[in-house]
$ cat start29.pdb   # PDB, C-alpha atoms
MODEL        1
ATOM      1  CA  MET A  29       0.000   0.000   0.000
ATOM      2  CA  VAL A  30       1.347   3.347  -1.046
ATOM      3  CA  PHE A  31       0.555   6.526   0.844
ATOM      4  CA  SER A  32       0.446   9.811  -0.893
ATOM      5  CA  ALA A  33       0.583  13.219   0.701
ATOM      6  CA  LYS A  34      -3.106  13.716  -0.087
ATOM      7  CA  THR A  35      -4.159  10.505   1.648
ATOM      8  CA  PHE A  36      -1.994  11.294   4.651
ATOM      9  CA  ALA A  37      -3.408  14.812   4.982
ATOM     10  CA  ARG A  38      -6.963  13.490   4.756
ATOM     11  CA  LYS A  39      -6.378  10.832   7.435
ATOM     12  CA  ALA A  40      -4.607  13.351   9.674
ATOM     13  CA  THR A  41      -7.522  15.764   9.356
ATOM     14  CA  VAL A  42     -10.053  13.049  10.216
ATOM     15  CA  ALA A  43      -7.952  11.965  13.217
ATOM     16  CA  SER A  44      -7.678  15.572  14.411
ATOM     17  CA  LEU A  45     -11.415  16.084  14.143
ATOM     18  CA  LEU A  46     -12.136  12.862  16.040
ATOM     19  CA  SER A  47      -9.686  13.893  18.775
ATOM     20  CA  LEU A  48     -11.344  17.275  19.100
ATOM     21  CA  MET A  49     -14.812  15.764  19.302
ATOM     22  CA  LEU A  50     -13.798  13.266  21.966
ATOM     23  CA  ALA A  51     -11.972  15.914  23.986
ATOM     24  CA  SER A  52     -15.032  18.154  24.090
ATOM     25  CA  CYS A  53     -17.376  15.420  25.335
ATOM     26  CA  VAL A  54     -18.528  15.582  28.959
ATOM     27  CA  VAL A  55     -19.647  12.511  30.820
ATOM     28  CA  VAL A  56     -22.611  13.114  33.097
ATOM     29  CA  GLU A  57     -23.308  10.525  35.724
ATOM     30  CA  ASP A  58     -26.739  10.245  37.260
ATOM     31  CA  GLY A  59     -26.081   9.757  40.937
ATOM     32  CA  PRO A  60     -28.450   9.092  43.802
ATOM     33  CA  GLY A  61     -29.725  12.693  43.723
ATOM     34  CA  PRO A  62     -29.000  15.876  45.629
ATOM     35  CA  GLY A  63     -29.460  14.227  49.025
ATOM     36  CA  PRO A  64     -31.273  15.590  52.053
ATOM     37  CA  ARG A  65     -31.722  19.311  52.523
ATOM     38  CA  PRO A  66     -29.475  21.004  55.038
ATOM     39  CA  PRO A  67     -31.168  21.824  58.345
ATOM     40  CA  ARG A  68     -32.762  25.241  58.708
ATOM     41  CA  PRO A  69     -30.663  27.704  60.655
ATOM     42  CA  ASP A  70     -31.825  28.712  64.115
ATOM     43  CA  PRO A  71     -33.973  31.837  63.985
ATOM     44  CA  GLY A  72     -31.597  33.620  66.335
ATOM     45  CA  PRO A  73     -32.638  36.320  68.766
ATOM     46  CA  GLN A  74     -35.984  37.974  68.159
ATOM     47  CA  PHE A  75     -36.703  41.509  69.254
ATOM     48  CA  CYS A  76     -40.270  42.359  70.220
ATOM     49  CA  THR A  77     -41.961  45.643  70.995
ATOM     50  CA  ARG A  78     -43.521  46.230  74.404
ATOM     51  CA  GLU A  79     -46.898  46.748  72.734
ATOM     52  CA  TYR A  80     -49.753  45.813  75.040
ATOM     53  CA  ASP A  81     -52.024  43.378  73.214
ATOM     54  CA  PRO A  82     -52.233  40.353  75.560
ATOM     55  CA  VAL A  83     -52.430  36.776  74.308
ATOM     56  CA  CYS A  84     -52.830  33.414  76.000
ATOM     57  CA  ALA A  85     -50.258  30.893  74.779
ATOM     58  CA  ARG A  86     -49.393  27.244  75.440
ATOM     59  CA  ARG A  87     -46.236  25.133  75.333
ATOM     60  CA  GLY A  88     -46.838  21.523  76.280
ATOM     61  CA  GLY A  89     -49.101  21.616  79.325
ATOM     62  CA  ASP A  90     -47.989  25.102  80.373
ATOM     63  CA  ARG A  91     -50.334  28.045  79.686
ATOM     64  CA  GLN A  92     -49.039  31.567  80.036
ATOM     65  CA  THR A  93     -50.162  35.120  79.314
ATOM     66  CA  PHE A  94     -47.838  37.349  77.300
ATOM     67  CA  ALA A  95     -48.009  41.064  76.567
ATOM     68  CA  ASN A  96     -48.195  40.375  72.824
ATOM     69  CA  SER A  97     -47.925  37.574  70.267
ATOM     70  CA  CYS A  98     -44.302  38.357  69.362
ATOM     71  CA  MET A  99     -43.182  37.778  72.941
ATOM     72  CA  ALA A 100     -45.099  34.495  73.142
ATOM     73  CA  GLU A 101     -43.583  33.183  69.908
ATOM     74  CA  ALA A 102     -40.088  34.316  70.919
ATOM     75  CA  ALA A 103     -40.438  32.247  74.106
ATOM     76  CA  GLY A 104     -41.445  29.187  72.061
ATOM     77  CA  TYR A 105     -45.158  29.236  72.895
ATOM     78  CA  ARG A 106     -48.108  28.670  70.529
ATOM     79  CA  ILE A 107     -50.879  31.275  70.768
ATOM     80  CA  ILE A 108     -54.233  29.854  71.889
ATOM     81  CA  ARG A 109     -56.307  33.043  71.799
ATOM     82  CA  GLY A 110     -56.228  36.787  72.269
ATOM     83  CA  GLY A 111     -56.555  38.127  75.804
ATOM     84  CA  GLU A 112     -55.138  36.885  79.054
ATOM     85  CA  CYS A 113     -55.304  33.267  80.191
ATOM     86  CA  ARG A 114     -58.143  32.584  82.630
ATOM     87  CA  GLY A 115     -58.259  30.338  85.669
ATOM     88  CA  GLY A 116     -54.767  31.091  86.972
ATOM     89  CA  GLY A 117     -55.642  31.547  90.649
ATOM     90  CA  ASP A 118     -55.553  35.339  90.943
ATOM     91  CA  GLY A 119     -57.221  35.861  87.562
ATOM     92  CA  GLY A 120     -54.489  38.222  86.394
ATOM     93  CA  TRP A 121     -51.334  37.830  84.400
ATOM     94  CA  ASN A 122     -49.550  34.643  85.297
ATOM     95  CA  GLY A 123     -46.062  35.606  84.296
ATOM     96  CA  GLY A 124     -44.418  36.186  81.026
ATOM     97  CA  GLY A 125     -41.543  33.858  80.336
ATOM     98  CA  GLY A 126     -37.927  33.896  81.349
ATOM     99  CA  ASN A 127     -36.765  36.430  78.765
ATOM    100  CA  GLY A 128     -38.907  39.343  79.943
ATOM    101  CA  GLY A 129     -41.554  38.143  77.536
ATOM    102  CA  GLY A 130     -44.629  39.257  79.422
ATOM    103  CA  TRP A 131     -46.052  41.566  81.995
ATOM    104  CA  ASN A 132     -46.090  40.644  85.641
ATOM    105  CA  GLY A 133     -49.325  41.183  87.440
ATOM    106  CA  GLY A 134     -52.124  40.006  89.581
ATOM    107  CA  GLY A 135     -51.726  42.365  92.544
ATOM    108  CA  GLY A 136     -49.205  43.400  95.120
ATOM    109  CA  GLY A 137     -47.719  46.399  93.308
ATOM    110  CA  ASN A 138     -45.323  45.278  90.610
ATOM    111  CA  GLU A 139     -43.255  48.370  90.012
ATOM    112  CA  GLN A 140     -42.055  48.369  86.445
ATOM    113  CA  PHE A 141     -41.267  50.707  83.598
ATOM    114  CA  CYS A 142     -44.464  51.679  81.749
ATOM    115  CA  THR A 143     -44.925  53.643  78.542
ATOM    116  CA  ARG A 144     -47.034  56.798  78.438
ATOM    117  CA  GLU A 145     -49.512  55.160  76.083
ATOM    118  CA  TYR A 146     -53.032  56.416  76.760
ATOM    119  CA  ARG A 147     -55.434  53.489  76.569
ATOM    120  CA  PRO A 148     -57.591  53.862  79.702
ATOM    121  CA  VAL A 149     -58.454  50.778  81.724
ATOM    122  CA  CYS A 150     -60.456  50.093  84.854
ATOM    123  CA  GLY A 151     -58.538  48.307  87.591
ATOM    124  CA  ARG A 152     -59.722  46.593  90.770
ATOM    125  CA  ARG A 153     -57.857  45.938  94.014
ATOM    126  CA  GLY A 154     -59.992  44.437  96.711
ATOM    127  CA  GLY A 155     -63.267  46.371  96.487
ATOM    128  CA  ALA A 156     -61.714  49.543  95.055
ATOM    129  CA  LEU A 157     -62.088  50.496  91.383
ATOM    130  CA  ARG A 158     -59.787  53.029  89.746
ATOM    131  CA  THR A 159     -59.134  54.323  86.219
ATOM    132  CA  PHE A 160     -55.550  54.125  84.930
ATOM    133  CA  PRO A 161     -54.054  55.499  81.700
ATOM    134  CA  ASN A 162     -53.017  51.964  80.629
ATOM    135  CA  ALA A 163     -52.832  48.378  81.862
ATOM    136  CA  CYS A 164     -49.152  48.603  82.773
ATOM    137  CA  GLU A 165     -49.843  51.490  85.157
ATOM    138  CA  ALA A 166     -52.709  49.547  86.754
ATOM    139  CA  ASP A 167     -50.560  46.455  87.183
ATOM    140  CA  SER A 168     -47.686  48.480  88.559
ATOM    141  CA  ALA A 169     -50.018  49.909  91.221
ATOM    142  CA  GLY A 170     -51.194  46.414  92.188
ATOM    143  CA  TYR A 171     -54.583  46.562  90.452
ATOM    144  CA  ARG A 172     -56.085  43.856  88.234
ATOM    145  CA  VAL A 173     -57.560  45.114  84.942
ATOM    146  CA  VAL A 174     -61.306  44.400  84.858
ATOM    147  CA  ASP A 175     -62.279  46.513  81.807
ATOM    148  CA  ASP A 176     -59.755  47.218  79.067
ATOM    149  CA  GLN A 177     -62.201  49.095  76.803
ATOM    150  CA  SER A 178     -62.555  52.254  78.914
ATOM    151  CA  GLY A 179     -62.099  53.655  82.367
ATOM    152  CA  CYS A 180     -64.322  52.918  85.373
TER     153      CYS A 180
ENDMDL
END
$ encode --input "start29.pdb" --output "C-alpha cells"
Amino acid sequence: MVFSAKTFARKATVASLLSLMLASCVVVEDGPGPGPRPPRPDPGPQFCTREYDPVCARRGGDRQTFANSCMAEAAGYRIIRGGECRGGGDGGWNGGGGNGGGWNGGGGGNEQFCTREYRPVCGRRGGALRTFPNACEADSAGYRVVDDQSGC
C-alpha cells in the first residue's frame, strides 16, 4: 500500500477532528440525587416591641399570658387566643416567660417601667375600682384590669 501526501493529509484531518470531538465530550453521571436538605438555621434572637395586646399561649401543658404575640412566639409558645389566660388563681397575668416576655401582674404592686400610652383601663384591688391610663400602670399599682375598653 502506497501513501500519498493527499491521503496522509486526509487521514490526519479526520484523526484531528475525532480527537477534538472526543476531547469536548462531557460525561454526566446520574447519581443518587442531591441528598437531604441542610437543616434550617436557628432563627436567632428575636426583638419584640412592648406593645400591650395580651395573648394566652401554650407550650406543652404550660399556659401563660404574654403582653403580645411576638413575645409568646419568641419564648417558644403557641398562641391559643387573644386576651389573658383565665383560671390562673388570681385571675391576672400569670407571668411572662424567662426572657422578659410578658407583663407581671395580679396584685401586690409590681413596680415596672411603663410607657405613656393612653389606653384607659379600669382596675380593681380588693373592692376599690380606679381608672388608669393603661394596663401597665394599673398592674404596677397592684390593680387587676377588669375593663380594658374604657375607664371605670
$ atom_distance --input "start29.pdb" --atom1 "CA of Arg65 in chain A" --atom2 "CA of Cys98 in chain A"
28.4 Å
$ closest_residue --input "start29.pdb" --among "A:Pro66, A:Tyr80, A:Arg87, A:Ser47" --to "Ala103 in chain A" --atoms "all atoms listed in the file"
A:Arg87
$ atom_distance --input "start29.pdb" --atom1 "CA of Arg78 in chain A" --atom2 "CA of Cys142 in chain A"
9.2 Å
$ atom_distance --input "start29.pdb" --atom1 "CA of Cys84 in chain A" --atom2 "CA of Tyr146 in chain A"
23.0 Å
$ closest_residue --input "start29.pdb" --among "A:Ala43, A:Val174, A:Leu157, A:Val149" --to "Glu112 in chain A" --atoms "all atoms listed in the file"
A:Val174
$ resolve_selection --input "start29.pdb" --expression "the PyMOL selection byres ((chain A and resi 105) around 12)" --output "ChimeraX atom specification"
/A:83-94,96-104,106-109,124-125,129-130
$ residues_around --input "start29.pdb" --residues "range 158-165 of chain A" --least-positions-apart "5" --cutoff "7 Å" --atoms "only C-alpha atoms" --output "PDB file with C-alpha atoms, in the frame of the given file"
ATOM      1  CA  CYS A 142     -44.464  51.679  81.749  1.00  0.00           C
ATOM      2  CA  GLU A 145     -49.512  55.160  76.083  1.00  0.00           C
ATOM      3  CA  TYR A 146     -53.032  56.416  76.760  1.00  0.00           C
ATOM      4  CA  ARG A 147     -55.434  53.489  76.569  1.00  0.00           C
ATOM      5  CA  PRO A 148     -57.591  53.862  79.702  1.00  0.00           C
ATOM      6  CA  VAL A 149     -58.454  50.778  81.724  1.00  0.00           C
ATOM      7  CA  CYS A 150     -60.456  50.093  84.854  1.00  0.00           C
ATOM      8  CA  GLY A 151     -58.538  48.307  87.591  1.00  0.00           C
ATOM      9  CA  ARG A 152     -59.722  46.593  90.770  1.00  0.00           C
ATOM     10  CA  VAL A 173     -57.560  45.114  84.942  1.00  0.00           C
ATOM     11  CA  GLY A 179     -62.099  53.655  82.367  1.00  0.00           C
ATOM     12  CA  CYS A 180     -64.322  52.918  85.373  1.00  0.00           C
TER      13      CYS A 180
END
$ residues_around --input "start29.pdb" --residues "Arg153 in chain A" --least-positions-apart "2" --cutoff "8 Å" --atoms "all atoms listed in the file" --output "PyMOL selection string"
chain A and resi 135+151+155-157+170-172
$ write_last_selection --input "start29.pdb" --atoms "C-alpha atoms" --output "short mmCIF file (atom, residue, chain, number, x, y, z; two decimals), in the frame of the given file"
data_model
loop_
_atom_site.label_atom_id
_atom_site.label_comp_id
_atom_site.auth_asym_id
_atom_site.auth_seq_id
_atom_site.Cartn_x
_atom_site.Cartn_y
_atom_site.Cartn_z
CA GLY A 135 -51.73 42.36 92.54
CA GLY A 151 -58.54 48.31 87.59
CA GLY A 155 -63.27 46.37 96.49
CA ALA A 156 -61.71 49.54 95.06
CA LEU A 157 -62.09 50.50 91.38
CA GLY A 170 -51.19 46.41 92.19
CA TYR A 171 -54.58 46.56 90.45
CA ARG A 172 -56.08 43.86 88.23
#
